[in-house]
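What follows is final38.cif (mmCIF, C-alpha atoms (C1' of nucleotides)).
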```cif
data_coords
loop_
_atom_site.group_PDB
_atom_site.id
_atom_site.type_symbol
_atom_site.label_atom_id
_atom_site.label_comp_id
_atom_site.auth_asym_id
_atom_site.auth_seq_id
_atom_site.Cartn_x
_atom_site.Cartn_y
_atom_site.Cartn_z
ATOM 1 C CA MET A 1 13.200 22.687 14.916
ATOM 2 C CA LYS A 2 16.052 23.217 17.322
ATOM 3 C CA LYS A 3 14.312 21.204 20.006
ATOM 4 C CA TYR A 4 14.668 18.071 17.896
ATOM 5 C CA ARG A 5 18.400 18.444 17.468
ATOM 6 C CA ASP A 6 18.789 19.149 21.152
ATOM 7 C CA ILE A 7 17.593 15.693 22.056
ATOM 8 C CA GLY A 8 19.872 14.001 19.565
ATOM 9 C CA PHE A 9 17.328 13.780 16.766
ATOM 10 C CA LYS A 10 19.345 14.135 13.586
ATOM 11 C CA LEU A 11 17.746 16.601 11.185
ATOM 12 C CA THR A 12 18.087 15.426 7.605
ATOM 13 C CA PRO A 13 16.331 17.138 4.687
ATOM 14 C CA GLN A 14 13.885 14.240 4.517
ATOM 15 C CA ARG A 15 13.001 14.540 8.160
ATOM 16 C CA ILE A 16 12.578 18.281 7.885
ATOM 17 C CA ALA A 17 10.168 17.737 5.000
ATOM 18 C CA VAL A 18 8.136 15.311 7.101
ATOM 19 C CA LEU A 19 8.155 17.680 10.061
ATOM 20 C CA GLU A 20 7.002 20.555 7.883
ATOM 21 C CA TYR A 21 4.240 18.467 6.415
ATOM 22 C CA LEU A 22 3.026 17.466 9.867
ATOM 23 C CA GLU A 23 3.251 20.905 11.407
ATOM 24 C CA ASN A 24 -0.272 22.160 12.120
ATOM 25 C CA ASN A 25 -1.656 19.276 10.088
ATOM 26 C CA LYS A 26 -5.193 18.429 11.220
ATOM 27 C CA GLU A 27 -5.867 15.604 8.803
ATOM 28 C CA HIS A 28 -4.540 12.738 10.889
ATOM 29 C CA PRO A 29 -2.680 11.329 7.894
ATOM 30 C CA SER A 30 -1.579 7.747 7.386
ATOM 31 C CA ALA A 31 2.047 6.887 6.568
ATOM 32 C CA GLU A 32 0.993 6.460 2.959
ATOM 33 C CA THR A 33 -0.505 9.953 2.911
ATOM 34 C CA VAL A 34 2.618 11.442 4.456
ATOM 35 C CA TYR A 35 4.747 9.621 1.929
ATOM 36 C CA SER A 36 2.790 10.680 -1.136
ATOM 37 C CA ASN A 37 2.706 14.316 -0.050
ATOM 38 C CA VAL A 38 6.300 14.613 1.029
ATOM 39 C CA SER A 39 7.618 12.777 -2.013
ATOM 40 C CA LYS A 40 6.073 15.414 -4.277
ATOM 41 C CA LYS A 41 8.853 17.732 -3.230
ATOM 42 C CA PHE A 42 11.267 14.941 -2.545
ATOM 43 C CA PRO A 43 11.093 12.330 -5.291
ATOM 44 C CA THR A 44 13.803 10.078 -3.913
ATOM 45 C CA MET A 45 12.118 9.749 -0.542
ATOM 46 C CA SER A 46 11.482 6.146 0.393
ATOM 47 C CA PHE A 47 8.677 4.549 2.345
ATOM 48 C CA ALA A 48 11.140 3.151 4.827
ATOM 49 C CA THR A 49 12.353 6.621 5.701
ATOM 50 C CA VAL A 50 8.811 7.817 6.305
ATOM 51 C CA TYR A 51 8.096 4.865 8.550
ATOM 52 C CA ASN A 52 11.370 5.272 10.393
ATOM 53 C CA THR A 53 10.807 8.972 10.877
ATOM 54 C CA LEU A 54 7.242 8.554 12.102
ATOM 55 C CA ALA A 55 8.322 5.832 14.501
ATOM 56 C CA ALA A 56 11.208 7.944 15.777
ATOM 57 C CA LEU A 57 8.916 10.908 16.399
ATOM 58 C CA ARG A 58 6.343 8.688 18.061
ATOM 59 C CA ASP A 59 8.956 7.090 20.337
ATOM 60 C CA ARG A 60 10.184 10.504 21.405
ATOM 61 C CA GLY A 61 6.654 11.687 22.171
ATOM 62 C CA TYR A 62 6.306 14.198 19.328
ATOM 63 C CA LEU A 63 3.608 12.321 17.495
ATOM 64 C CA LEU A 64 0.606 10.244 18.443
ATOM 65 C CA GLU A 65 -0.112 7.012 16.644
ATOM 66 C CA LEU A 66 -3.873 6.574 16.366
ATOM 67 C CA THR A 67 -5.428 3.125 16.236
ATOM 68 C CA ILE A 68 -8.811 4.488 15.256
ATOM 69 C CA ASP A 69 -8.782 3.170 11.723
ATOM 70 C CA ALA A 70 -8.707 -0.612 11.421
ATOM 71 C CA ASP A 71 -7.114 -0.442 7.987
ATOM 72 C CA LYS A 72 -4.069 1.652 8.735
ATOM 73 C CA ARG A 73 -2.342 3.613 11.435
ATOM 74 C CA ARG A 74 -2.855 7.344 11.415
ATOM 75 C CA TYR A 75 -0.684 10.030 12.940
ATOM 76 C CA ASP A 76 -1.531 13.104 14.953
ATOM 77 C CA PRO A 77 1.015 15.882 15.541
ATOM 78 C CA ASN A 78 -1.229 17.382 18.208
ATOM 79 C CA ILE A 79 0.168 15.930 21.397
ATOM 80 C CA HIS A 80 -1.993 17.905 23.763
ATOM 81 C CA PRO A 81 -4.619 15.719 25.421
ATOM 82 C CA HIS A 82 -7.692 15.657 23.213
ATOM 83 C CA HIS A 83 -10.337 13.375 21.775
ATOM 84 C CA HIS A 84 -11.621 12.547 18.305
ATOM 85 C CA LEU A 85 -14.836 12.662 16.334
ATOM 86 C CA ILE A 86 -14.832 10.181 13.471
ATOM 87 C CA CYS A 87 -17.079 10.001 10.440
ATOM 88 C CA LYS A 88 -18.088 6.373 10.063
ATOM 89 C CA VAL A 89 -18.552 6.826 6.335
ATOM 90 C CA CYS A 90 -15.456 8.660 5.064
ATOM 91 C CA LYS A 91 -13.271 8.148 8.157
ATOM 92 C CA LYS A 92 -12.540 11.844 8.467
ATOM 93 C CA ILE A 93 -11.251 12.612 11.967
ATOM 94 C CA ILE A 94 -11.645 15.921 13.757
ATOM 95 C CA ASP A 95 -10.201 16.998 17.081
ATOM 96 C CA ILE A 96 -12.253 17.545 20.230
ATOM 97 C CA PRO A 97 -10.023 19.478 22.624
ATOM 98 C CA THR A 98 -12.473 19.223 25.501
ATOM 99 C CA GLU A 99 -11.472 17.747 28.824
ATOM 100 C CA TYR A 100 -13.810 15.236 30.419
ATOM 101 C CA MET A 101 -13.492 14.085 33.982
ATOM 102 C CA LEU A 102 -13.940 10.338 33.780
ATOM 103 C CA GLN A 103 -13.755 8.090 36.797
ATOM 104 C CA ILE A 104 -13.836 4.323 36.725
ATOM 105 C CA PRO A 105 -15.839 2.837 39.603
ATOM 106 C CA GLU A 106 -13.447 1.159 42.012
ATOM 107 C CA HIS A 107 -14.967 -2.310 41.661
ATOM 108 C CA LEU A 108 -14.358 -2.249 37.905
ATOM 109 C CA ARG A 109 -10.801 -0.952 38.010
ATOM 110 C CA GLY A 110 -9.350 -4.408 38.634
ATOM 111 C CA GLY A 111 -6.279 -3.009 40.350
ATOM 112 C CA PHE A 112 -5.179 -1.149 37.222
ATOM 113 C CA GLU A 113 -3.124 1.976 37.504
ATOM 114 C CA ILE A 114 -4.907 4.397 35.186
ATOM 115 C CA THR A 115 -2.679 6.630 33.096
ATOM 116 C CA GLY A 116 -5.039 8.239 30.599
ATOM 117 C CA ASN A 117 -8.011 7.939 28.345
ATOM 118 C CA HIS A 118 -9.156 8.674 24.853
ATOM 119 C CA ILE A 119 -12.712 9.125 23.638
ATOM 120 C CA GLU A 120 -13.798 8.235 20.130
ATOM 121 C CA PHE A 121 -17.028 9.920 19.164
ATOM 122 C CA TYR A 122 -18.690 8.351 16.150
ATOM 123 C CA GLY A 123 -21.002 9.985 13.701
ATOM 124 C CA VAL A 124 -21.640 11.070 10.155
ATOM 125 C CA CYS A 125 -20.140 14.267 8.818
ATOM 126 C CA PRO A 126 -22.274 16.840 6.968
ATOM 127 C CA GLU A 127 -20.814 15.930 3.574
ATOM 128 C CA CYS A 128 -21.526 12.233 3.934
ATOM 129 C CA LYS A 129 -24.956 12.899 5.425
ATOM 130 C CA GLN A 130 -25.914 14.862 2.339
ATOM 131 C CA GLN A 131 -24.611 12.223 -0.050
ATOM 132 C CA ARG A 132 -26.672 9.611 1.737
ATOM 133 C CA ALA A 133 -29.834 11.624 1.358
ATOM 134 C CA THR A 134 -29.354 11.657 -2.396
ATOM 135 C CA MET B 1 -28.850 -20.066 18.274
ATOM 136 C CA LYS B 2 -32.248 -19.970 16.642
ATOM 137 C CA LYS B 3 -32.052 -16.198 16.285
ATOM 138 C CA TYR B 4 -29.203 -16.561 13.808
ATOM 139 C CA ARG B 5 -31.093 -18.941 11.536
ATOM 140 C CA ASP B 6 -34.125 -16.682 11.669
ATOM 141 C CA ILE B 7 -32.280 -13.920 9.892
ATOM 142 C CA GLY B 8 -30.935 -16.188 7.187
ATOM 143 C CA PHE B 9 -27.618 -16.914 8.864
ATOM 144 C CA LYS B 10 -26.730 -20.451 7.865
ATOM 145 C CA LEU B 11 -25.580 -22.483 10.838
ATOM 146 C CA THR B 12 -22.761 -24.800 9.889
ATOM 147 C CA PRO B 13 -20.797 -26.858 12.433
ATOM 148 C CA GLN B 14 -17.854 -24.491 11.997
ATOM 149 C CA ARG B 15 -19.965 -21.451 12.722
ATOM 150 C CA ILE B 16 -21.524 -23.083 15.742
ATOM 151 C CA ALA B 17 -18.043 -23.794 17.079
ATOM 152 C CA VAL B 18 -17.083 -20.140 16.623
ATOM 153 C CA LEU B 19 -20.306 -18.978 18.251
ATOM 154 C CA GLU B 20 -19.744 -21.286 21.213
ATOM 155 C CA TYR B 21 -16.199 -20.061 21.613
ATOM 156 C CA LEU B 22 -17.327 -16.446 21.605
ATOM 157 C CA GLU B 23 -20.285 -16.916 23.929
ATOM 158 C CA ASN B 24 -19.536 -15.150 27.200
ATOM 159 C CA ASN B 25 -15.937 -14.707 26.108
ATOM 160 C CA LYS B 26 -14.389 -11.722 27.861
ATOM 161 C CA GLU B 27 -10.933 -11.933 26.316
ATOM 162 C CA HIS B 28 -11.540 -9.788 23.239
ATOM 163 C CA PRO B 29 -9.792 -12.352 21.034
ATOM 164 C CA SER B 30 -8.169 -11.715 17.694
ATOM 165 C CA ALA B 31 -9.093 -13.775 14.632
ATOM 166 C CA GLU B 32 -5.901 -15.748 15.151
ATOM 167 C CA THR B 33 -6.903 -16.546 18.739
ATOM 168 C CA VAL B 34 -10.372 -17.617 17.644
ATOM 169 C CA TYR B 35 -8.855 -19.793 14.957
ATOM 170 C CA SER B 36 -6.340 -21.527 17.168
ATOM 171 C CA ASN B 37 -8.914 -22.260 19.852
ATOM 172 C CA VAL B 38 -11.687 -23.423 17.580
ATOM 173 C CA SER B 39 -9.384 -25.550 15.452
ATOM 174 C CA LYS B 40 -8.430 -27.604 18.510
ATOM 175 C CA LYS B 41 -11.829 -29.248 18.288
ATOM 176 C CA PHE B 42 -12.102 -28.740 14.551
ATOM 177 C CA PRO B 43 -8.798 -29.547 12.877
ATOM 178 C CA THR B 44 -9.974 -28.920 9.317
ATOM 179 C CA MET B 45 -11.173 -25.411 10.126
ATOM 180 C CA SER B 46 -9.584 -22.824 7.866
ATOM 181 C CA PHE B 47 -8.570 -19.243 8.533
ATOM 182 C CA ALA B 48 -10.822 -18.038 5.765
ATOM 183 C CA THR B 49 -13.846 -19.544 7.463
ATOM 184 C CA VAL B 50 -12.992 -17.828 10.725
ATOM 185 C CA TYR B 51 -12.566 -14.492 8.976
ATOM 186 C CA ASN B 52 -15.735 -14.948 6.974
ATOM 187 C CA THR B 53 -17.706 -15.918 10.042
ATOM 188 C CA LEU B 54 -16.405 -13.023 12.122
ATOM 189 C CA ALA B 55 -17.143 -10.585 9.301
ATOM 190 C CA ALA B 56 -20.632 -12.008 8.847
ATOM 191 C CA LEU B 57 -21.398 -11.690 12.564
ATOM 192 C CA ARG B 58 -19.971 -8.183 12.628
ATOM 193 C CA ASP B 59 -22.032 -7.115 9.617
ATOM 194 C CA ARG B 60 -25.185 -8.415 11.253
ATOM 195 C CA GLY B 61 -24.433 -6.591 14.494
ATOM 196 C CA TYR B 62 -23.701 -9.636 16.653
ATOM 197 C CA LEU B 63 -20.058 -8.819 17.175
ATOM 198 C CA LEU B 64 -18.009 -5.695 17.689
ATOM 199 C CA GLU B 65 -14.740 -5.263 15.860
ATOM 200 C CA LEU B 66 -12.337 -3.376 18.088
ATOM 201 C CA THR B 67 -9.630 -1.184 16.607
ATOM 202 C CA ILE B 68 -7.886 -0.776 19.927
ATOM 203 C CA ASP B 69 -4.841 -2.819 19.046
ATOM 204 C CA ALA B 70 -2.748 -1.442 16.198
ATOM 205 C CA ASP B 71 -1.373 -4.871 15.377
ATOM 206 C CA LYS B 72 -4.568 -6.802 14.848
ATOM 207 C CA ARG B 73 -8.317 -6.523 15.049
ATOM 208 C CA ARG B 74 -9.956 -7.898 18.134
ATOM 209 C CA TYR B 75 -13.529 -9.043 18.581
ATOM 210 C CA ASP B 76 -16.018 -8.461 21.333
ATOM 211 C CA PRO B 77 -19.216 -10.520 21.603
ATOM 212 C CA ASN B 78 -20.592 -8.074 24.169
ATOM 213 C CA ILE B 79 -22.712 -5.781 22.051
ATOM 214 C CA HIS B 80 -24.173 -3.796 24.914
ATOM 215 C CA PRO B 81 -22.743 -0.278 25.068
ATOM 216 C CA HIS B 82 -19.601 -0.345 27.163
ATOM 217 C CA HIS B 83 -16.048 0.929 27.303
ATOM 218 C CA HIS B 84 -12.614 -0.617 27.681
ATOM 219 C CA LEU B 85 -9.638 -0.485 29.993
ATOM 220 C CA ILE B 86 -6.446 -1.524 28.257
ATOM 221 C CA CYS B 87 -3.114 -2.538 29.738
ATOM 222 C CA LYS B 88 -0.448 -0.721 27.766
ATOM 223 C CA VAL B 89 2.062 -3.443 28.513
ATOM 224 C CA CYS B 90 0.326 -6.768 27.816
ATOM 225 C CA LYS B 91 -2.663 -5.386 25.894
ATOM 226 C CA LYS B 92 -5.154 -7.143 28.100
ATOM 227 C CA ILE B 93 -8.594 -5.541 27.690
ATOM 228 C CA ILE B 94 -11.292 -5.459 30.322
ATOM 229 C CA ASP B 95 -14.846 -4.202 30.041
ATOM 230 C CA ILE B 96 -16.145 -1.054 31.727
ATOM 231 C CA PRO B 97 -19.944 -1.265 31.573
ATOM 232 C CA THR B 98 -20.438 2.221 32.959
ATOM 233 C CA GLU B 99 -22.458 4.821 31.097
ATOM 234 C CA TYR B 100 -20.961 8.268 30.769
ATOM 235 C CA MET B 101 -22.937 11.254 29.585
ATOM 236 C CA LEU B 102 -20.642 12.954 27.119
ATOM 237 C CA GLN B 103 -21.626 16.057 25.240
ATOM 238 C CA ILE B 104 -19.615 17.695 22.512
ATOM 239 C CA PRO B 105 -19.710 21.506 22.655
ATOM 240 C CA GLU B 106 -21.771 22.779 19.736
ATOM 241 C CA HIS B 107 -18.961 24.807 18.188
ATOM 242 C CA LEU B 108 -16.768 21.714 17.949
ATOM 243 C CA ARG B 109 -19.394 19.389 16.516
ATOM 244 C CA GLY B 110 -18.814 20.589 12.966
ATOM 245 C CA GLY B 111 -22.312 19.663 11.860
ATOM 246 C CA PHE B 112 -21.737 15.987 12.610
ATOM 247 C CA GLU B 113 -24.622 13.759 13.524
ATOM 248 C CA ILE B 114 -23.340 11.933 16.590
ATOM 249 C CA THR B 115 -24.259 8.264 16.822
ATOM 250 C CA GLY B 116 -22.156 6.955 19.665
ATOM 251 C CA ASN B 117 -18.901 6.956 21.530
ATOM 252 C CA HIS B 118 -16.320 4.645 22.954
ATOM 253 C CA ILE B 119 -13.846 5.374 25.712
ATOM 254 C CA GLU B 120 -10.460 3.733 25.913
ATOM 255 C CA PHE B 121 -8.945 3.939 29.352
ATOM 256 C CA TYR B 122 -5.241 3.235 29.429
ATOM 257 C CA GLY B 123 -3.214 1.889 32.272
ATOM 258 C CA VAL B 124 -1.042 -0.886 33.606
ATOM 259 C CA CYS B 125 -2.588 -4.036 35.000
ATOM 260 C CA PRO B 126 -1.555 -5.421 38.401
ATOM 261 C CA GLU B 127 0.398 -8.290 36.855
ATOM 262 C CA CYS B 128 2.478 -6.049 34.596
ATOM 263 C CA LYS B 129 2.955 -3.488 37.362
ATOM 264 C CA GLN B 130 4.516 -6.151 39.555
ATOM 265 C CA GLN B 131 6.803 -7.428 36.802
ATOM 266 C CA ARG B 132 8.061 -3.923 36.220
ATOM 267 C CA ALA B 133 8.989 -3.476 39.837
ATOM 268 C CA THR B 134 11.227 -6.519 39.649
ATOM 269 C "C1'" DG C 1 -32.504 -27.923 -5.840
ATOM 270 C "C1'" DT C 2 -30.600 -23.391 -4.444
ATOM 271 C "C1'" DT C 3 -28.045 -20.736 -2.068
ATOM 272 C "C1'" DA C 4 -24.436 -19.932 0.529
ATOM 273 C "C1'" DC C 5 -20.481 -21.724 3.190
ATOM 274 C "C1'" DT C 6 -15.915 -24.286 3.421
ATOM 275 C "C1'" DG C 7 -11.165 -25.035 2.587
ATOM 276 C "C1'" DC C 8 -7.038 -24.241 0.205
ATOM 277 C "C1'" DA C 9 -3.850 -21.421 -1.795
ATOM 278 C "C1'" DA C 10 -2.614 -17.266 -3.663
ATOM 279 C "C1'" DA C 11 -2.752 -12.402 -3.559
ATOM 280 C "C1'" DG C 12 -3.150 -7.756 -1.362
ATOM 281 C "C1'" DC C 13 -1.927 -4.230 2.029
ATOM 282 C "C1'" DT C 14 0.449 -2.201 5.542
ATOM 283 C "C1'" DT C 15 4.513 -2.299 8.096
ATOM 284 C "C1'" DT C 16 9.212 -4.000 9.170
ATOM 285 C "C1'" DT C 17 13.926 -5.371 8.219
ATOM 286 C "C1'" DG C 18 18.777 -6.122 6.178
ATOM 287 C "C1'" DC C 19 22.357 -3.948 4.277
ATOM 288 C "C1'" DA C 20 25.384 -1.036 1.706
ATOM 289 C "C1'" DT C 21 25.881 3.840 1.096
ATOM 290 C "C1'" DC C 22 25.663 8.436 2.535
ATOM 291 C "C1'" DC C 23 25.556 12.526 5.427
ATOM 292 C "C1'" DC C 24 24.535 15.224 9.691
ATOM 293 C "C1'" DT C 25 26.855 16.613 13.750
ATOM 294 C "C1'" DA D 1 35.495 10.615 11.957
ATOM 295 C "C1'" DG D 2 31.593 8.231 13.825
ATOM 296 C "C1'" DG D 3 27.056 7.236 14.546
ATOM 297 C "C1'" DG D 4 22.930 7.339 12.731
ATOM 298 C "C1'" DA D 5 19.789 7.988 8.614
ATOM 299 C "C1'" DT D 6 18.655 6.858 3.761
ATOM 300 C "C1'" DG D 7 17.084 4.046 -0.030
ATOM 301 C "C1'" DC D 8 16.126 -0.132 -2.158
ATOM 302 C "C1'" DA D 9 14.251 -4.444 -2.173
ATOM 303 C "C1'" DA D 10 12.795 -8.310 0.077
ATOM 304 C "C1'" DA D 11 10.196 -10.263 3.863
ATOM 305 C "C1'" DA D 12 6.805 -10.541 7.416
ATOM 306 C "C1'" DG D 13 2.071 -10.072 9.383
ATOM 307 C "C1'" DC D 14 -2.720 -9.699 9.039
ATOM 308 C "C1'" DT D 15 -6.655 -9.912 6.080
ATOM 309 C "C1'" DT D 16 -9.064 -10.740 1.721
ATOM 310 C "C1'" DT D 17 -10.247 -13.224 -2.413
ATOM 311 C "C1'" DG D 18 -11.070 -16.823 -6.254
ATOM 312 C "C1'" DC D 19 -12.735 -20.988 -7.060
ATOM 313 C "C1'" DA D 20 -14.132 -25.784 -6.955
ATOM 314 C "C1'" DG D 21 -16.429 -28.761 -3.928
ATOM 315 C "C1'" DT D 22 -19.932 -29.348 -0.350
ATOM 316 C "C1'" DA D 23 -23.507 -28.855 2.996
ATOM 317 C "C1'" DA D 24 -27.474 -26.238 5.041
ATOM 318 C "C1'" DC D 25 -31.992 -24.752 4.121
#
```
How would this structure read if it were set down as structure tokens?
Amino acid sequence: MKKYRDIGFKLTPQRIAVLEYLENNKEHPSAETVYSNVSKKFPTMSFATVYNTLAALRDRGYLLELTIDADKRRYDPNIHPHHHLICKVCKKIIDIPTEYMLQIPEHLRGGFEITGNHIEFYGVCPECKQQRAT
Amino acid sequence: MKKYRDIGFKLTPQRIAVLEYLENNKEHPSAETVYSNVSKKFPTMSFATVYNTLAALRDRGYLLELTIDADKRRYDPNIHPHHHLICKVCKKIIDIPTEYMLQIPEHLRGGFEITGNHIEFYGVCPECKQQRAT
DNA sequence: GTTACTGCAAAGCTTTTGCATCCCT
DNA sequence: AGGGATGCAAAAGCTTTGCAGTAAC
């Protein structure tokens, strides 16, 4: 936690609760999900504080904001380069920590300076596949 | 246009205007952009009709709904498999029609049935790169 | 004639903002 | 003490919906 304070990130009890909830979290939660979980232990917590905290962490590079879900933004505390596998039915997201070497053919690059990439794999998870078969 | 009618898609003047606007459109427009362009020639056009039409085309597989932009959904009439290169500054999106062979290691697949993938390449376009230098 | 689309306005969600108060450093 | 965070409520965007009227098939 010290690293946050060191860069001038003020550690309030609310922020610590959010940080603890996110730590090692693999669910790629939405702000709403973060709010409802954190406010269990912290009833006075407000939505605005969750949004502010998530935005502050994102701006400082401690949190990725995923635009995978059209309905809401989801957050990923894993900031190491990785990709995602998404269930089209239940929107579950799992991490794919594989590195792929992807080159864009020169004639398609359009003079862009490439800084990164992100692969979304789509599919149906075992649980949803079984429910469909029913 | 006949193909739409053949599957029970009712062709109204408003829908034809939307279809004509989208045809060969490479700008990946948002619903707002579609609306403002189509309503130039069709002043009585309503937002709801644009949304309904886009959703109907999407549901029938004639239009891709992109979740690349966190702020709004964008639409892509190019339904052939392809990827995207996105300018992080101005959010311009250009098509990358290259095919990449991407395999997910078995132990990471989690029993998913994989149905497809989509790569987002990130970068800065020449125009934005120049403005930054200034 | 049916069925389904249009247009308008209102409502629904997610996310952002203003502002007074409070508290971490 | 000072700067920044909190909490509340209101507002702002984007998208969806209900419903009466209308047009495509």
* To do: Residues of chain D no more than 9 Å from chain A, counting all atoms listed in the file: send them over as a ChimeraX atom specification.
  => /D:4-8
Taking the file above as input, evaluate the PyMOL selection byres ((chain C) within 10 of (chain A)) and report the hits as a PyMOL selection string. chain C and resi 13-17+23-25
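Between C1' of DC14 (chain D) and CA of Ser36 (chain A) there is a distance of 23.4 Å.
Take CA of Asp6 (chain A) and CA of Gly61 (chain A): the distance between them is 14.3 Å.
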For the atom pair CA of Ile68 (chain B) and CA of Arg109 (chain A), what is the interatomic distance in Å to one decimal place?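 Result for CA of Ile68 (chain B) versus CA of Arg109 (chain A): 18.3 Å, one decimal.
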Exercise for the section: Using the chain letters and numbers from the file, give me the residues hit by the PyMOL selection byres ((chain B) within 12 of (chain A)), as an MDAnalysis selection string. Expected result: chainID B and resid 65:74 83:89 92:130
